[in-house]
Amino acid sequence: MALELFGHPFSSYTWKALIPLYENDTPFTFRSLEPDYPGNDAALKAHWPIGKFPLLVDGDLVLPEASIIIEHLYPGLVPAGRDEALEVRLLDRVFDNHVHTPTQAIVSEHLPFVTETPDPGRIERSRATLDAAYTWLDARLQGRGWAVGEAFTLADCAAGPALFYADWVHPNDGRFKHLAAYRARLLARPSVARCIEEARPYRHLFPLGAPDRD
Ligand SMILES: N[C@@H](CCC(=O)N[C@@H](CS)C(=O)NCC(=O)O)C(=O)O
């Protein structure tokens with residue numbers, strides 16, 4: 001059955017679903033949410049009134065939530081062993097909840113269509129969360145090639161976009177060497193590098209001003 005993925009090339013959670021599709025050379029139709037394709041936005045909301053993306057349509061099955069899309073398409077990206085699976089899901093949650101979410105909060109405080117008066121307290125609290133997450137991750141990643149060891153898993157799909165954009169809003173100041181090395185490995189991985197290249201034309205949309213790197 002043909003797969004359809006709704007998303008936007010600059011959207012971090014879209015990357016999370018695209019990474020394993022690219023890793024596996026899986027054929028699919030990309031339903032871009034660029035304004036040039038207004039029908040795709042209406043179709044997304046008809047499937048999923050919450051309206052967040054990515055969203056996968058696989059025949060009769062409609063799945064939102066990037067982690068669930070990945071577990072449906074690639075169950076092998078979560079190891080079979082209980083302890084390893086828990087570690088992968090833990091890292092997936094940490095990247096989503098404690099890296100991605102505070103990053104999105106800082107970005108949204110700079111979007112004029114969200115707020116005309118950025119809340120410095122929310123920005124400061126989000127930076128503190130990122131700092132705490134960087135500290136925890138730096139220790140956890142020591143000696144690991146990928147998020148949970150030598151195999152590329154669901155957790156790495158979450159980490160790629162989360163760490164890419166987090167470093168733009170709250171740069172690693174050199175204190176977190178294992179995290180910096182891991183981010184560099186992720187950015188060099190062909191599936192992640194492809195997402196970065198496809199998103200490059202949209203960097204002007206980044207409300208804080210995209211840094212001249214990556
Ligand atoms: N929990 C969702 C989060 C998805 C999400 O926040 N997507 C953003 C794009 S990166 C979005 O839909 N933004 C548009 C909106 O909030 O209306 C997931 O894991 O897929």
# chains A, B, ... in the order shown; residues from 1 in each chain; ligands from 1
$ residues_near_ligand --ligand "ligand 1" --cutoff "6 Å" --atoms "only C-alpha atoms and all ligand atoms" --output "compact mmCIF listing (two decimals) with N, CA and C atoms, in the first residue's frame"
# COMPACT_ATOMS: atom_id res chain seq x y z
N SER A 11 10.21 21.42 9.23
CA SER A 11 9.64 21.01 10.52
C SER A 11 10.44 19.89 11.16
N SER A 12 10.83 20.15 12.40
CA SER A 12 11.69 19.21 13.11
C SER A 12 11.02 17.85 13.31
N TYR A 13 9.75 17.84 13.69
CA TYR A 13 9.10 16.54 13.90
C TYR A 13 8.88 15.82 12.56
N GLY A 51 -4.15 18.82 13.93
CA GLY A 51 -3.45 19.58 12.90
C GLY A 51 -1.94 19.56 12.99
N LYS A 52 -1.38 18.84 13.97
CA LYS A 52 0.09 18.81 14.07
C LYS A 52 0.63 17.75 13.13
N PHE A 53 1.85 17.95 12.72
CA PHE A 53 2.47 17.03 11.78
C PHE A 53 3.86 16.64 12.29
N PRO A 54 4.35 15.47 11.83
CA PRO A 54 3.94 14.68 10.68
C PRO A 54 2.68 13.84 10.96
N GLU A 65 1.82 11.56 15.35
CA GLU A 65 2.86 11.33 16.36
C GLU A 65 4.06 10.57 15.75
N ALA A 66 5.17 11.30 15.66
CA ALA A 66 6.34 10.76 14.96
C ALA A 66 6.82 9.43 15.55
$ select_by_dssp --residues "segment 5-62 of chain A" --states "strand (DSSP E or B)" --output "ChimeraX atom specification"
/A:5-7,29-32,55-58,61-62
$ write_last_selection --atoms "all heavy atoms" --output "mmCIF file, in the first residue's frame"
data_model
loop_
_atom_site.group_PDB
_atom_site.id
_atom_site.type_symbol
_atom_site.label_atom_id
_atom_site.label_comp_id
_atom_site.auth_asym_id
_atom_site.auth_seq_id
_atom_site.Cartn_x
_atom_site.Cartn_y
_atom_site.Cartn_z
ATOM 1 N N LEU A 5 3.100 10.849 3.588
ATOM 2 C CA LEU A 5 3.518 11.538 4.806
ATOM 3 C C LEU A 5 3.223 13.020 4.646
ATOM 4 O O LEU A 5 3.728 13.666 3.718
ATOM 5 C CB LEU A 5 5.015 11.335 5.068
ATOM 6 C CG LEU A 5 5.473 11.896 6.419
ATOM 7 C CD1 LEU A 5 5.121 10.919 7.551
ATOM 8 C CD2 LEU A 5 6.966 12.198 6.437
ATOM 9 N N PHE A 6 2.406 13.546 5.556
ATOM 10 C CA PHE A 6 2.141 14.988 5.606
ATOM 11 C C PHE A 6 3.209 15.633 6.494
ATOM 12 O O PHE A 6 3.460 15.155 7.602
ATOM 13 C CB PHE A 6 0.754 15.274 6.205
ATOM 14 C CG PHE A 6 -0.384 14.892 5.312
ATOM 15 C CD1 PHE A 6 -0.781 13.574 5.185
ATOM 16 C CD2 PHE A 6 -1.062 15.864 4.584
ATOM 17 C CE1 PHE A 6 -1.841 13.213 4.353
ATOM 18 C CE2 PHE A 6 -2.125 15.519 3.759
ATOM 19 C CZ PHE A 6 -2.507 14.189 3.633
ATOM 20 N N GLY A 7 3.784 16.726 6.002
ATOM 21 C CA GLY A 7 4.789 17.412 6.811
ATOM 22 C C GLY A 7 5.320 18.622 6.088
ATOM 23 O O GLY A 7 4.838 18.990 5.012
ATOM 24 N N THR A 29 4.845 9.189 -0.714
ATOM 25 C CA THR A 29 4.500 10.495 -1.286
ATOM 26 C C THR A 29 4.561 11.523 -0.169
ATOM 27 O O THR A 29 3.935 11.322 0.886
ATOM 28 C CB THR A 29 3.075 10.457 -1.879
ATOM 29 O OG1 THR A 29 3.054 9.444 -2.881
ATOM 30 C CG2 THR A 29 2.690 11.796 -2.482
ATOM 31 N N PHE A 30 5.306 12.595 -0.404
ATOM 32 C CA PHE A 30 5.403 13.657 0.592
ATOM 33 C C PHE A 30 4.304 14.675 0.329
ATOM 34 O O PHE A 30 4.260 15.275 -0.746
ATOM 35 C CB PHE A 30 6.785 14.323 0.546
ATOM 36 C CG PHE A 30 7.017 15.285 1.686
ATOM 37 C CD1 PHE A 30 7.066 14.820 2.987
ATOM 38 C CD2 PHE A 30 7.179 16.645 1.461
ATOM 39 C CE1 PHE A 30 7.277 15.692 4.060
ATOM 40 C CE2 PHE A 30 7.389 17.532 2.519
ATOM 41 C CZ PHE A 30 7.433 17.046 3.824
ATOM 42 N N ARG A 31 3.388 14.842 1.277
ATOM 43 C CA ARG A 31 2.295 15.822 1.153
ATOM 44 C C ARG A 31 2.736 17.089 1.890
ATOM 45 O O ARG A 31 2.539 17.235 3.090
ATOM 46 C CB ARG A 31 0.994 15.256 1.738
ATOM 47 C CG ARG A 31 0.516 13.953 1.087
ATOM 48 C CD ARG A 31 -0.182 14.160 -0.253
ATOM 49 N NE ARG A 31 -1.325 15.032 -0.186
ATOM 50 C CZ ARG A 31 -2.590 14.648 0.005
ATOM 51 N NH1 ARG A 31 -2.883 13.360 0.140
ATOM 52 N NH2 ARG A 31 -3.577 15.527 0.042
ATOM 53 N N SER A 32 3.370 17.996 1.124
ATOM 54 C CA SER A 32 3.976 19.184 1.724
ATOM 55 C C SER A 32 2.927 20.151 2.239
ATOM 56 O O SER A 32 1.926 20.422 1.575
ATOM 57 C CB SER A 32 4.852 19.898 0.696
ATOM 58 O OG SER A 32 5.331 21.116 1.253
ATOM 59 N N LEU A 55 2.096 13.384 9.843
ATOM 60 C CA LEU A 55 0.986 12.452 9.877
ATOM 61 C C LEU A 55 1.222 11.450 8.753
ATOM 62 O O LEU A 55 1.552 11.841 7.634
ATOM 63 C CB LEU A 55 -0.340 13.183 9.648
ATOM 64 C CG LEU A 55 -1.539 12.244 9.614
ATOM 65 C CD1 LEU A 55 -2.309 12.321 10.938
ATOM 66 C CD2 LEU A 55 -2.483 12.566 8.480
ATOM 67 N N LEU A 56 1.048 10.176 9.072
ATOM 68 C CA LEU A 56 1.231 9.120 8.069
ATOM 69 C C LEU A 56 -0.119 8.538 7.680
ATOM 70 O O LEU A 56 -0.956 8.274 8.558
ATOM 71 C CB LEU A 56 2.106 7.994 8.646
ATOM 72 C CG LEU A 56 2.375 6.822 7.692
ATOM 73 C CD1 LEU A 56 3.474 7.187 6.690
ATOM 74 C CD2 LEU A 56 2.769 5.561 8.452
ATOM 75 N N VAL A 57 -0.319 8.357 6.380
ATOM 76 C CA VAL A 57 -1.473 7.594 5.902
ATOM 77 C C VAL A 57 -0.924 6.340 5.230
ATOM 78 O O VAL A 57 -0.147 6.424 4.266
ATOM 79 C CB VAL A 57 -2.330 8.415 4.924
ATOM 80 C CG1 VAL A 57 -3.510 7.583 4.425
ATOM 81 C CG2 VAL A 57 -2.842 9.689 5.600
ATOM 82 N N ASP A 58 -1.304 5.193 5.788
ATOM 83 C CA ASP A 58 -0.849 3.900 5.274
ATOM 84 C C ASP A 58 -2.105 3.076 4.994
ATOM 85 O O ASP A 58 -2.611 2.378 5.873
ATOM 86 C CB ASP A 58 0.047 3.226 6.332
ATOM 87 C CG ASP A 58 0.567 1.869 5.856
ATOM 88 O OD1 ASP A 58 0.271 1.476 4.710
ATOM 89 O OD2 ASP A 58 1.281 1.211 6.642
ATOM 90 N N LEU A 61 -4.994 3.074 7.529
ATOM 91 C CA LEU A 61 -4.433 3.467 8.830
ATOM 92 C C LEU A 61 -3.915 4.897 8.775
ATOM 93 O O LEU A 61 -3.119 5.244 7.896
ATOM 94 C CB LEU A 61 -3.290 2.506 9.191
ATOM 95 C CG LEU A 61 -2.622 2.701 10.547
ATOM 96 C CD1 LEU A 61 -3.607 2.403 11.682
ATOM 97 C CD2 LEU A 61 -1.403 1.789 10.661
ATOM 98 N N VAL A 62 -4.371 5.716 9.713
ATOM 99 C CA VAL A 62 -3.920 7.112 9.805
ATOM 100 C C VAL A 62 -3.203 7.274 11.137
ATOM 101 O O VAL A 62 -3.790 7.004 12.190
ATOM 102 C CB VAL A 62 -5.127 8.072 9.732
ATOM 103 C CG1 VAL A 62 -4.680 9.502 9.981
ATOM 104 C CG2 VAL A 62 -5.814 7.956 8.375
#
$ atom_distance --atom1 "atom CA of Ala2 of chain A" --atom2 "atom CA of Ile70 of chain A"
16.0 Å
$ residues_around --residues "segment 88-93 of chain A" --least-positions-apart "3" --cutoff "9 Å" --atoms "only C-alpha atoms" --output "compact mmCIF listing (two decimals) with N, CA, C and O atoms, in the first residue's frame"
# COMPACT_ATOMS: atom_id res chain seq x y z
N SER A 67 6.85 9.32 16.87
CA SER A 67 7.35 8.05 17.46
C SER A 67 6.46 6.87 17.06
O SER A 67 6.95 5.76 16.82
N LEU A 77 13.47 -0.57 15.01
CA LEU A 77 14.20 0.58 15.57
C LEU A 77 14.03 0.68 17.09
O LEU A 77 14.62 1.55 17.73
N VAL A 78 13.17 -0.20 17.65
CA VAL A 78 13.14 -0.38 19.11
C VAL A 78 13.58 -1.82 19.34
O VAL A 78 12.95 -2.75 18.84
N PRO A 79 14.67 -2.02 20.09
CA PRO A 79 15.18 -3.39 20.24
C PRO A 79 14.18 -4.31 20.95
O PRO A 79 13.29 -3.83 21.67
N ASP A 83 15.10 -4.33 28.53
CA ASP A 83 15.93 -3.25 29.10
C ASP A 83 16.37 -2.29 28.01
O ASP A 83 16.33 -1.06 28.18
N GLU A 84 16.78 -2.85 26.85
CA GLU A 84 17.23 -1.99 25.74
C GLU A 84 16.06 -1.17 25.20
O GLU A 84 16.22 0.00 24.88
N ALA A 85 14.88 -1.81 25.11
CA ALA A 85 13.70 -1.08 24.61
C ALA A 85 13.35 0.08 25.54
O ALA A 85 13.02 1.18 25.08
N ASP A 96 12.25 14.37 22.97
CA ASP A 96 11.00 15.08 22.65
C ASP A 96 10.63 16.08 23.75
O ASP A 96 10.37 17.25 23.47
N ASN A 97 10.58 15.58 24.99
CA ASN A 97 9.98 16.39 26.06
C ASN A 97 10.92 17.42 26.66
O ASN A 97 10.47 18.48 27.10
N HIS A 98 12.21 17.11 26.68
CA HIS A 98 13.12 17.98 27.43
C HIS A 98 14.16 18.67 26.53
O HIS A 98 14.95 19.46 27.02
N LEU A 137 22.26 14.43 29.30
CA LEU A 137 22.58 13.69 28.07
C LEU A 137 24.08 13.53 27.91
O LEU A 137 24.56 12.48 27.47
N ALA A 147 22.57 6.95 20.41
CA ALA A 147 21.95 7.35 21.68
C ALA A 147 22.01 6.27 22.75
O ALA A 147 22.20 6.55 23.92
N VAL A 148 21.84 5.00 22.32
CA VAL A 148 21.83 3.96 23.34
C VAL A 148 22.93 2.91 23.12
O VAL A 148 22.89 1.85 23.72
N THR A 153 18.73 3.86 16.43
CA THR A 153 17.38 3.48 16.89
C THR A 153 16.41 4.67 16.80
O THR A 153 16.78 5.77 16.40
N LEU A 154 15.18 4.39 17.24
CA LEU A 154 14.16 5.43 17.37
C LEU A 154 14.70 6.66 18.11
O LEU A 154 14.40 7.80 17.73
N ALA A 155 15.50 6.45 19.13
CA ALA A 155 16.02 7.57 19.92
C ALA A 155 16.89 8.50 19.07
O ALA A 155 16.88 9.72 19.27
N ASP A 156 17.63 7.92 18.11
CA ASP A 156 18.46 8.76 17.25
C ASP A 156 17.61 9.56 16.26
O ASP A 156 17.97 10.67 15.88
N CYS A 157 16.49 8.96 15.83
CA CYS A 157 15.57 9.70 14.95
C CYS A 157 15.04 10.93 15.68
O CYS A 157 14.87 12.00 15.10
N ALA A 158 14.76 10.77 16.99
CA ALA A 158 14.30 11.91 17.79
C ALA A 158 15.42 12.91 18.01
O ALA A 158 15.20 14.13 17.98
N ALA A 159 16.62 12.39 18.22
CA ALA A 159 17.74 13.27 18.58
C ALA A 159 18.17 14.18 17.43
O ALA A 159 18.54 15.34 17.67
$ atom_distance --atom1 "atom CA of Asp131 of chain A" --atom2 "atom CA of Asn172 of chain A"
8.6 Å
$ residues_around --residues "Glu124 of chain A" --least-positions-apart "6" --cutoff "12 Å" --atoms "only C-alpha atoms" --output "ChimeraX atom specification"
/A:102-103,105-106,109,118,130-131,169-170
$ write_last_selection --atoms "C-alpha atoms" --output "PDB file, in the first residue's frame"
ATOM      1  CA  PRO A 102      11.765  23.816  25.339  1.00  0.00           C
ATOM      2  CA  THR A 103      13.286  24.530  21.915  1.00  0.00           C
ATOM      3  CA  ALA A 105       8.828  27.154  23.371  1.00  0.00           C
ATOM      4  CA  ILE A 106      11.732  29.531  22.714  1.00  0.00           C
ATOM      5  CA  GLU A 109       8.109  33.188  21.853  1.00  0.00           C
ATOM      6  CA  PRO A 118       7.829  37.509  24.130  1.00  0.00           C
ATOM      7  CA  LEU A 130      17.817  22.699  27.932  1.00  0.00           C
ATOM      8  CA  ASP A 131      20.860  23.181  30.140  1.00  0.00           C
ATOM      9  CA  VAL A 169      18.372  28.509  20.241  1.00  0.00           C
ATOM     10  CA  HIS A 170      20.654  27.443  23.120  1.00  0.00           C
TER      11      HIS A 170
END
$ atom_distance --atom1 "atom CA of Phe113 of chain A" --atom2 "atom CA of Pro201 of chain A"
21.2 Å
$ closest_residue --among "A:His204, A:Leu44, A:Gly39, A:Arg175" --to "Ala139 of chain A" --atoms "only C-alpha atoms"
A:Arg175
$ residues_around --residues "Leu163 of chain A" --least-positions-apart "3" --cutoff "10 Å" --atoms "only C-alpha atoms" --output "PyMOL selection string"
chain A and resi 12+95+99-100+103+134+158-160+166-168+170-172+179-180+182-184+186-187
$ residues_around --residues "Pro27 of chain A" --least-positions-apart "6" --cutoff "10 Å" --atoms "only C-alpha atoms" --output "mmCIF file with all heavy atoms, in the first residue's frame"
data_model
loop_
_atom_site.group_PDB
_atom_site.id
_atom_site.type_symbol
_atom_site.label_atom_id
_atom_site.label_comp_id
_atom_site.auth_asym_id
_atom_site.auth_seq_id
_atom_site.Cartn_x
_atom_site.Cartn_y
_atom_site.Cartn_z
ATOM 1 N N ALA A 2 0.534 2.241 -0.855
ATOM 2 C CA ALA A 2 1.354 3.452 -0.946
ATOM 3 C C ALA A 2 1.273 4.243 0.367
ATOM 4 O O ALA A 2 0.207 4.351 0.975
ATOM 5 C CB ALA A 2 0.860 4.308 -2.103
ATOM 6 N N LEU A 3 2.396 4.781 0.760
ATOM 7 C CA LEU A 3 2.453 5.591 1.983
ATOM 8 C C LEU A 3 2.399 7.063 1.627
ATOM 9 O O LEU A 3 3.003 7.491 0.624
ATOM 10 C CB LEU A 3 3.769 5.346 2.725
ATOM 11 C CG LEU A 3 4.068 3.938 3.213
ATOM 12 C CD1 LEU A 3 5.466 3.906 3.829
ATOM 13 C CD2 LEU A 3 3.024 3.499 4.226
ATOM 14 N N GLU A 4 1.707 7.841 2.468
ATOM 15 C CA GLU A 4 1.723 9.301 2.328
ATOM 16 C C GLU A 4 2.164 9.892 3.654
ATOM 17 O O GLU A 4 1.649 9.497 4.715
ATOM 18 C CB GLU A 4 0.327 9.841 2.010
ATOM 19 C CG GLU A 4 -0.169 9.468 0.638
ATOM 20 C CD GLU A 4 -1.475 10.186 0.297
ATOM 21 O OE1 GLU A 4 -2.100 10.777 1.197
ATOM 22 O OE2 GLU A 4 -1.843 10.144 -0.871
ATOM 23 N N LEU A 21 12.549 6.836 7.063
ATOM 24 C CA LEU A 21 12.107 6.589 5.675
ATOM 25 C C LEU A 21 13.315 6.681 4.746
ATOM 26 O O LEU A 21 13.483 5.846 3.843
ATOM 27 C CB LEU A 21 11.039 7.607 5.265
ATOM 28 C CG LEU A 21 9.633 7.373 5.846
ATOM 29 C CD1 LEU A 21 8.801 8.649 5.789
ATOM 30 C CD2 LEU A 21 8.904 6.247 5.107
#
$ closest_residue --among "A:Thr129, A:Asn40, A:Gln104, A:Ser191" --to "Thr26 of chain A" --atoms "only C-alpha atoms"
A:Ser191
$ closest_residue --among "A:Pro35, A:Pro207, A:Gly149, A:Pro64" --to "Pro112 of chain A" --atoms "only C-alpha atoms"
A:Pro207
$ select_by_dssp --residues "segment 109-213 of chain A" --states "alpha helix (DSSP H)" --output "VMD selection string"
chain A and resid 120 to 141 154 to 169 177 to 188 190 to 199
$ closest_residue --among "A:Arg200, A:Gly81, A:Thr135, A:Val107" --to "Arg122 of chain A" --atoms "only C-alpha atoms"
A:Val107
$ closest_residue --among "A:Asp212, A:Arg82, A:Tyr74, A:Tyr165" --to "Asn24 of chain A" --atoms "only C-alpha atoms"
A:Tyr74
